[in-house]
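K.L.:
What follows is work24.txt, compact mmCIF, C-alpha atoms and all ligand atoms.
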```
# COMPACT_ATOMS: atom_id res chain seq x y z
CA THR A 1 18.35 -7.19 -9.39
CA GLU A 2 15.44 -5.85 -11.35
CA GLY A 3 13.04 -8.40 -12.73
CA ASP A 4 13.20 -10.62 -9.66
CA ARG A 5 9.83 -11.74 -8.44
CA VAL A 6 9.13 -10.48 -4.95
CA LEU A 7 5.47 -11.31 -4.44
CA THR A 8 3.03 -13.57 -6.25
CA VAL A 9 -0.69 -13.69 -5.57
CA GLU A 10 -2.24 -16.69 -7.28
CA GLY A 11 -5.91 -17.58 -7.52
CA VAL A 12 -6.77 -15.95 -4.21
CA HIS A 13 -10.32 -16.25 -2.92
CA ALA A 14 -11.25 -14.30 0.19
CA TYR A 15 -14.39 -13.99 2.25
CA TYR A 16 -15.88 -11.93 5.04
CA GLY A 17 -17.95 -14.58 6.77
CA ASN A 18 -20.05 -16.02 3.98
CA SER A 19 -19.55 -13.08 1.62
CA HIS A 20 -17.30 -14.17 -1.17
CA ILE A 21 -15.27 -11.05 -2.02
CA LEU A 22 -12.18 -12.10 -4.01
CA HIS A 23 -12.75 -14.57 -6.83
CA GLY A 24 -9.31 -15.80 -7.82
CA VAL A 25 -7.07 -12.74 -7.76
CA ASP A 26 -3.72 -13.05 -9.54
CA LEU A 27 -1.05 -10.40 -9.37
CA ASP A 28 2.67 -10.13 -8.96
CA LEU A 29 5.31 -7.64 -7.97
CA ASP A 30 8.89 -7.56 -9.17
CA GLU A 31 11.81 -6.11 -7.26
CA GLY A 32 11.68 -2.34 -6.98
CA GLU A 33 8.44 -1.89 -8.91
CA VAL A 34 5.62 0.45 -8.09
CA VAL A 35 2.41 -1.26 -9.13
CA THR A 36 -1.07 0.13 -8.70
CA LEU A 37 -4.27 -1.75 -8.05
CA LEU A 38 -7.21 0.28 -9.34
CA GLY A 39 -10.93 -0.19 -9.18
CA ARG A 40 -14.15 1.27 -7.94
CA ASN A 41 -15.29 1.45 -4.34
CA GLY A 42 -15.93 -2.03 -3.10
CA ALA A 43 -14.10 -3.73 -5.98
CA GLY A 44 -11.81 -5.60 -3.58
CA LYS A 45 -8.62 -3.53 -3.41
CA THR A 46 -8.42 -3.35 0.36
CA THR A 47 -9.35 -6.99 0.70
CA THR A 48 -6.56 -7.96 -1.69
CA MET A 49 -4.06 -6.14 0.52
CA ARG A 50 -5.52 -7.69 3.65
CA SER A 51 -5.18 -11.12 2.07
CA ILE A 52 -1.53 -10.50 1.31
CA VAL A 53 -0.71 -9.48 4.89
CA GLY A 54 -2.85 -12.23 6.41
CA VAL A 55 -5.55 -10.07 8.00
CA VAL A 56 -8.10 -11.74 5.71
CA PRO A 57 -6.38 -15.05 4.99
CA PRO A 58 -7.12 -16.49 1.55
CA ARG A 59 -9.48 -19.44 1.68
CA GLU A 60 -8.18 -20.64 -1.65
CA GLY A 61 -5.09 -19.76 -3.63
CA THR A 62 -1.64 -18.77 -2.49
CA VAL A 63 0.53 -15.78 -1.74
CA THR A 64 4.25 -16.33 -2.20
CA TYR A 65 6.97 -13.99 -1.00
CA ARG A 66 10.44 -14.53 -2.44
CA GLY A 67 9.73 -18.17 -3.01
CA GLN A 68 8.16 -18.81 0.38
CA GLN A 69 4.44 -19.42 0.74
CA ILE A 70 3.09 -16.86 3.19
CA SER A 71 -0.64 -17.48 2.83
CA GLY A 72 -1.66 -19.30 5.98
CA MET A 73 1.04 -17.64 8.07
CA ASP A 74 0.23 -15.37 11.03
CA VAL A 75 -0.13 -11.64 10.47
CA ASP A 76 2.86 -10.92 12.71
CA ASP A 77 5.09 -13.41 10.94
CA ILE A 78 4.21 -11.92 7.56
CA SER A 79 4.93 -8.46 8.92
CA ASP A 80 8.27 -9.66 10.30
CA LEU A 81 9.26 -10.76 6.81
CA GLY A 82 9.08 -7.10 5.80
CA ILE A 83 5.67 -6.83 4.17
CA LYS A 84 3.97 -3.77 5.63
CA LEU A 85 0.46 -2.46 5.07
CA VAL A 86 -0.32 1.22 5.52
CA PRO A 87 -4.09 0.99 5.97
CA GLU A 88 -6.61 3.43 4.63
CA ASP A 89 -7.65 4.55 8.10
CA ARG A 90 -4.02 5.29 9.10
CA ARG A 91 -4.34 4.21 12.72
CA VAL A 92 -1.65 6.35 14.31
CA PHE A 93 -1.66 6.17 18.09
CA PRO A 94 -3.72 9.24 19.01
CA THR A 95 -2.30 9.88 22.48
CA LEU A 96 1.32 9.21 21.56
CA SER A 97 3.52 11.90 20.08
CA VAL A 98 4.95 11.68 16.58
CA GLN A 99 8.30 10.76 18.12
CA GLU A 100 6.69 8.04 20.24
CA ASN A 101 4.72 6.67 17.30
CA LEU A 102 7.94 6.35 15.32
CA SER A 103 10.05 4.96 18.17
CA LEU A 104 7.44 2.35 18.90
CA ALA A 105 7.35 1.25 15.27
CA LYS A 106 11.14 1.11 15.27
CA ARG A 107 11.18 -0.98 18.45
CA LEU A 108 8.77 -3.44 16.88
CA ALA A 109 11.28 -4.05 14.09
CA PRO A 110 14.60 -4.26 15.93
CA GLU A 111 16.38 -5.68 12.90
CA SER A 112 15.65 -2.53 10.88
CA ASP A 113 18.69 -0.39 10.01
CA ARG A 114 16.53 2.66 9.53
CA THR A 115 16.34 5.34 12.18
CA VAL A 116 13.70 7.75 13.37
CA ASP A 117 16.03 10.62 12.45
CA GLU A 118 16.14 9.38 8.88
CA MET A 119 12.36 9.62 8.82
CA TYR A 120 12.60 13.26 9.84
CA ASP A 121 14.91 13.83 6.86
CA ILE A 122 12.43 12.21 4.50
CA PHE A 123 9.39 13.81 6.15
CA PRO A 124 10.48 17.28 7.33
CA VAL A 125 6.91 18.08 8.33
CA LEU A 126 7.14 15.36 10.99
CA ALA A 127 10.36 16.79 12.39
CA GLU A 128 8.46 19.95 13.22
CA LEU A 129 5.71 17.95 14.92
CA LYS A 130 7.88 15.59 16.98
CA SER A 131 6.11 16.27 20.24
CA SER A 132 2.59 16.68 18.86
CA ASN A 133 0.15 13.92 19.63
CA GLY A 134 -1.16 11.80 16.79
CA GLN A 135 -4.68 13.04 17.35
CA ASN A 136 -3.62 16.63 16.79
CA LEU A 137 -2.20 16.03 13.33
CA SER A 138 -4.08 16.86 10.15
CA GLY A 139 -5.13 14.06 7.83
CA GLY A 140 -2.11 14.67 5.63
CA GLU A 141 0.28 14.70 8.57
CA GLN A 142 -1.22 11.47 9.87
CA GLN A 143 -0.75 9.93 6.45
CA MET A 144 2.92 10.98 6.43
CA LEU A 145 3.29 9.49 9.93
CA SER A 146 1.66 6.25 8.84
CA VAL A 147 4.02 5.90 5.91
CA ALA A 148 7.01 6.87 8.09
CA ARG A 149 6.06 4.27 10.69
CA ALA A 150 6.08 1.60 8.02
CA LEU A 151 9.29 2.89 6.48
CA VAL A 152 11.26 3.02 9.75
CA GLN A 153 10.70 -0.73 9.91
CA ASP A 154 12.71 -1.07 6.69
CA PRO A 155 9.99 -2.78 4.67
CA ASP A 156 10.79 -4.86 1.65
CA VAL A 157 7.23 -4.57 0.33
CA LEU A 158 5.02 -1.62 1.14
CA LEU A 159 1.27 -1.86 0.57
CA LEU A 160 -0.28 1.61 0.49
CA ASP A 161 -4.06 1.62 0.69
CA GLU A 162 -5.49 4.83 -0.74
CA PRO A 163 -2.88 7.12 0.76
CA THR A 164 -4.42 10.29 -0.71
CA GLU A 165 -7.89 9.69 0.69
CA GLY A 166 -9.26 12.83 2.29
CA LEU A 167 -6.14 14.90 1.68
CA ALA A 168 -6.11 18.46 0.34
CA PRO A 169 -4.58 18.77 -3.14
CA VAL A 170 -1.47 20.60 -1.90
CA ILE A 171 -0.83 17.79 0.61
CA VAL A 172 -1.33 15.22 -2.12
CA ASP A 173 1.51 16.95 -4.01
CA ASP A 174 3.76 16.68 -0.94
CA LEU A 175 2.88 13.04 -0.48
CA ARG A 176 3.66 12.29 -4.12
CA GLU A 177 7.13 13.80 -3.71
CA VAL A 178 7.77 11.87 -0.52
CA LEU A 179 6.64 8.60 -2.07
CA ARG A 180 8.93 9.22 -5.03
CA ASP A 181 11.81 9.37 -2.53
CA VAL A 182 10.54 6.26 -0.78
CA VAL A 183 10.46 4.20 -3.95
CA GLU A 184 14.04 5.22 -4.67
CA GLN A 185 15.00 3.33 -1.53
CA ASN A 186 14.67 -0.21 -2.80
CA VAL A 187 11.12 -0.77 -1.66
CA THR A 188 8.62 -2.65 -3.78
CA VAL A 189 5.25 -0.91 -3.66
CA LEU A 190 1.65 -1.90 -4.27
CA LEU A 191 -0.60 1.15 -4.27
CA THR A 192 -4.37 1.37 -4.38
CA GLU A 193 -5.99 4.65 -5.26
CA GLN A 194 -9.29 6.27 -6.11
CA ASN A 195 -7.17 9.19 -7.27
CA VAL A 196 -6.25 7.59 -10.56
CA GLN A 197 -3.96 10.42 -11.62
CA PHE A 198 -1.91 10.02 -8.46
CA ALA A 199 -1.47 6.33 -9.19
CA PHE A 200 -0.56 7.07 -12.82
CA ASP A 201 2.10 9.52 -11.64
CA LEU A 202 3.82 6.97 -9.42
CA ALA A 203 3.28 3.52 -10.85
CA GLU A 204 4.87 1.78 -13.79
CA ARG A 205 2.33 -0.98 -14.05
CA GLY A 206 -1.23 -1.49 -12.99
CA TYR A 207 -3.99 -3.98 -12.37
CA ILE A 208 -7.68 -3.23 -12.56
CA ILE A 209 -9.96 -5.12 -10.22
CA ASP A 210 -13.73 -5.36 -10.53
CA LYS A 211 -16.08 -7.42 -8.38
CA GLY A 212 -13.16 -9.30 -6.86
CA GLU A 213 -11.51 -10.23 -10.15
CA ILE A 214 -8.58 -8.77 -12.01
CA VAL A 215 -10.01 -7.61 -15.33
CA PHE A 216 -6.93 -5.99 -16.84
CA ASP A 217 -3.23 -5.61 -16.27
CA GLY A 218 -0.67 -3.67 -18.19
CA ASP A 219 1.73 -0.77 -18.33
CA ILE A 220 0.45 2.51 -16.97
CA GLU A 221 0.81 4.20 -20.37
CA GLU A 222 -1.55 1.62 -21.78
CA ILE A 223 -4.12 2.02 -19.01
CA GLU A 224 -3.99 5.80 -19.37
CA GLU A 225 -4.84 5.53 -23.04
CA ARG A 226 -7.66 3.03 -22.64
CA GLU A 227 -10.67 5.26 -22.18
CA ASP A 228 -12.92 2.21 -22.21
CA LEU A 229 -11.19 0.83 -19.11
CA LEU A 230 -11.30 4.15 -17.34
CA GLU A 231 -15.02 4.47 -18.04
CA ASP A 232 -15.98 0.89 -17.31
CA TYR A 233 -13.95 0.27 -14.20
CA LEU A 234 -12.68 3.52 -12.77
CA SER A 235 -15.54 5.97 -13.21
CA VAL A 236 -13.23 8.36 -15.02
CA SER A 237 -14.07 9.81 -18.42
P1 LIG A 301 -12.93 0.95 -0.99
O1 LIG A 301 -12.40 2.00 -1.86
O2 LIG A 301 -14.37 1.15 -0.62
O3 LIG A 301 -12.06 0.56 0.15
P2 LIG A 301 -12.12 -1.59 -2.10
O4 LIG A 301 -11.92 -1.87 -3.54
O5 LIG A 301 -10.92 -1.46 -1.26
O6 LIG A 301 -13.03 -0.31 -1.97
P3 LIG A 301 -12.94 -3.62 -0.28
O7 LIG A 301 -12.79 -2.76 0.91
O8 LIG A 301 -11.92 -4.67 -0.53
O9 LIG A 301 -13.07 -2.73 -1.58
O10 LIG A 301 -14.38 -4.26 -0.23
C1 LIG A 301 -14.80 -5.30 -1.11
C2 LIG A 301 -16.19 -5.75 -0.69
O11 LIG A 301 -16.13 -6.34 0.60
C3 LIG A 301 -17.21 -4.66 -0.61
O12 LIG A 301 -18.41 -5.15 -1.14
C4 LIG A 301 -17.36 -4.40 0.87
O13 LIG A 301 -18.66 -3.98 1.18
C5 LIG A 301 -17.07 -5.75 1.47
N1 LIG A 301 -16.46 -5.64 2.81
C6 LIG A 301 -15.37 -4.92 3.12
N2 LIG A 301 -15.04 -5.08 4.41
C7 LIG A 301 -15.95 -5.91 4.95
C8 LIG A 301 -16.17 -6.47 6.25
N3 LIG A 301 -15.34 -6.20 7.27
N4 LIG A 301 -17.22 -7.29 6.41
C9 LIG A 301 -18.05 -7.58 5.37
N5 LIG A 301 -17.92 -7.10 4.13
C10 LIG A 301 -16.87 -6.28 3.91
```
Translate this structure into structure tokens?
P.N.:
Amino acid sequence: TEGDRVLTVEGVHAYYGNSHILHGVDLDLDEGEVVTLLGRNGAGKTTTMRSIVGVVPPREGTVTYRGQQISGMDVDDISDLGIKLVPEDRRVFPTLSVQENLSLAKRLAPESDRTVDEMYDIFPVLAELKSSNGQNLSGGEQQMLSVARALVQDPDVLLLDEPTEGLAPVIVDDLREVLRDVVEQNVTVLLTEQNVQFAFDLAERGYIIDKGEIVFDGDIEEIEEREDLLEDYLSVS
């Protein structure tokens, strides 16, 4: 039911080597929400997502998923719980076809009820490219494939790291429509974006991160109206 807490990030500190990047990040996601994490380049958005999925394990603080502490768990175990990151660099397998990329993802999540054919319904552009190799897809097509690979694994929580990066405006429109369908399917989403308008269009709630700290959180309508926030933290004015 709506209002149920799915994910809680509490006081998370993260480092790359000795570089202290996250300084006590707090955020939470409720069932079925689309929440955006906004901030300038280098503010710590990607690192926050990597901390949640265990790629950059928190050195302090906790991440809790449906009541279970996941910080400290292995990346694969966190993924198996249904928390999937679609990274900024997309990482589709270049020499595998679209079909093979999707089948492989599906095989890695045998408990998923979703099928590759369903993905072709949601992403018609991929249906036309079934036998094309990953490396021959455009940036937008690769982004669709990345999202589809995560979705075929029937994620409970989807972390989308700057999905519009490098995409032509018309492709961004397509992606927005597709993601609207995705969020109808009972997935809880955390979205980071440099394209603030894209995030505003999709999310209900947002957090603003600056220098590894959450400096604001609130409803999207409120963030949209706060020109001071947009100027100070998002380079928009
Ligand atoms: P971007 O839009 O650039 O991805 P971001 O908000 O996602 O911005 P992060 O990628 O989380 O920011 O980076 C936060 C800080 O960590 C930056 O100062 C960045 O230079 C640094 N950083 C990121 N990755 C590494 C790494 N692998 N090793 C060392 N420092 C890193």
K.L.:
For ligand LIG 301 (chain A), I'd like the enclosing box, axis-aligned and padded by 8 Å on every side, reported as JSON with centre and edge lengths in Å to one decimal.
P.N.:
```
{"center_x": -14.8, "center_y": -2.8, "center_z": 1.9, "size_x": 23.7, "size_y": 25.6, "size_z": 26.8}
```
K.L.:
Which residues are near ligand LIG 301 (chain A) in this structure, taking near to mean any atom at most 6 Å from a ligand atom and counting only C-alpha atoms and all ligand atoms? Format them as a list in words.
P.N.:
Tyr16, Ile21, Gly39, Arg40, Asn41, Gly42, Ala43, Gly44, Lys45, Thr46 and Thr47 of chain A
K.L.:
Quick one, how far is CA of Phe198 (chain A) from CA of Tyr120 (chain A)?
P.N.:
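About the pair CA of Phe198 (chain A) and CA of Tyr120 (chain A): they are 23.6 Å apart.
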K.L.:
Nearest to Asn195 (chain A) among A:Val172, A:Val182, A:Val98, A:Val116, with distances taken over only C-alpha atoms: which residue is it?
P.N.:
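Under the stated criterion, the closest residue is A:Val172.
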K.L.:
Considering all atoms listed in the file, return as a ChimeraX atom specification whatever protein or nucleic-acid residues lie within 12 Å of Ala150 (chain A), sequence-local ones (same chain, fewer than 6 positions apart) excluded.
P.N.:
/A:79-80,82-87,90-92,101-109,112,114-116,119,143-144,156-160,182,187,189
K.L.:
Quick one: everything within 12 Å of Asp210 (chain A), counting only C-alpha atoms, minus sequence neighbours fewer than 3 positions away in the same chain. Send it as a list in words.
P.N.:
Ile21, Leu22, His23, Gly24, Val25, Leu37, Leu38, Gly39, Arg40, Asn41, Gly42, Ala43, Gly44, Lys45, Thr48, Tyr207, Glu213, Ile214, Val215, Phe216, Asp217, Leu229, Leu230, Asp232, Tyr233, Leu234 and Ser235 of chain A
K.L.:
Keeping C-alpha atoms, export the residues of the selection given above as a short mmCIF file (atom, residue, chain, number, x, y, z; two decimals), keeping the file's coordinate frame.
P.N.:
```
data_model
loop_
_atom_site.label_atom_id
_atom_site.label_comp_id
_atom_site.auth_asym_id
_atom_site.auth_seq_id
_atom_site.Cartn_x
_atom_site.Cartn_y
_atom_site.Cartn_z
CA ILE A 21 -15.27 -11.05 -2.02
CA LEU A 22 -12.18 -12.10 -4.01
CA HIS A 23 -12.75 -14.57 -6.83
CA GLY A 24 -9.31 -15.80 -7.82
CA VAL A 25 -7.07 -12.74 -7.76
CA LEU A 37 -4.27 -1.75 -8.05
CA LEU A 38 -7.21 0.28 -9.34
CA GLY A 39 -10.93 -0.19 -9.18
CA ARG A 40 -14.15 1.27 -7.94
CA ASN A 41 -15.29 1.45 -4.34
CA GLY A 42 -15.93 -2.03 -3.10
CA ALA A 43 -14.10 -3.73 -5.98
CA GLY A 44 -11.81 -5.60 -3.58
CA LYS A 45 -8.62 -3.53 -3.41
CA THR A 48 -6.56 -7.96 -1.69
CA TYR A 207 -3.99 -3.98 -12.37
CA GLU A 213 -11.51 -10.23 -10.15
CA ILE A 214 -8.58 -8.77 -12.01
CA VAL A 215 -10.01 -7.61 -15.33
CA PHE A 216 -6.93 -5.99 -16.84
CA ASP A 217 -3.23 -5.61 -16.27
CA LEU A 229 -11.19 0.83 -19.11
CA LEU A 230 -11.30 4.15 -17.34
CA ASP A 232 -15.98 0.89 -17.31
CA TYR A 233 -13.95 0.27 -14.20
CA LEU A 234 -12.68 3.52 -12.77
CA SER A 235 -15.54 5.97 -13.21
#
```
K.L.:
What is the distance between CA of Pro155 (chain A) and CA of Asp4 (chain A), in Å to one decimal?
P.N.:
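According to the coordinates, CA of Pro155 (chain A) and CA of Asp4 (chain A) are separated by 16.6 Å.
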K.L.:
At what distance in Å, to one decimal, does CA of Gly32 (chain A) lie from CA of Val12 (chain A)?
P.N.:
23.1 Å
K.L.:
Can you work out which one of A:Asp28, A:Arg59, A:Glu88, A:Val53 has the shortest atom-to-atom distance to Val75 (chain A), counting all atoms listed in the file?
P.N.:
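Checking each of A:Asp28, A:Arg59, A:Glu88, A:Val53 against Val75 (chain A), counting all atoms listed in the file, the winner is A:Val53.
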K.L.:
Given the choices A:Val56, A:Met73, A:Ala127, A:Ala203, which gets closest to Val34 (chain A) if the distance is worked out from all atoms listed in the file?
P.N.:
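Using all atoms listed in the file, Val34 (chain A) sits closest to A:Ala203.
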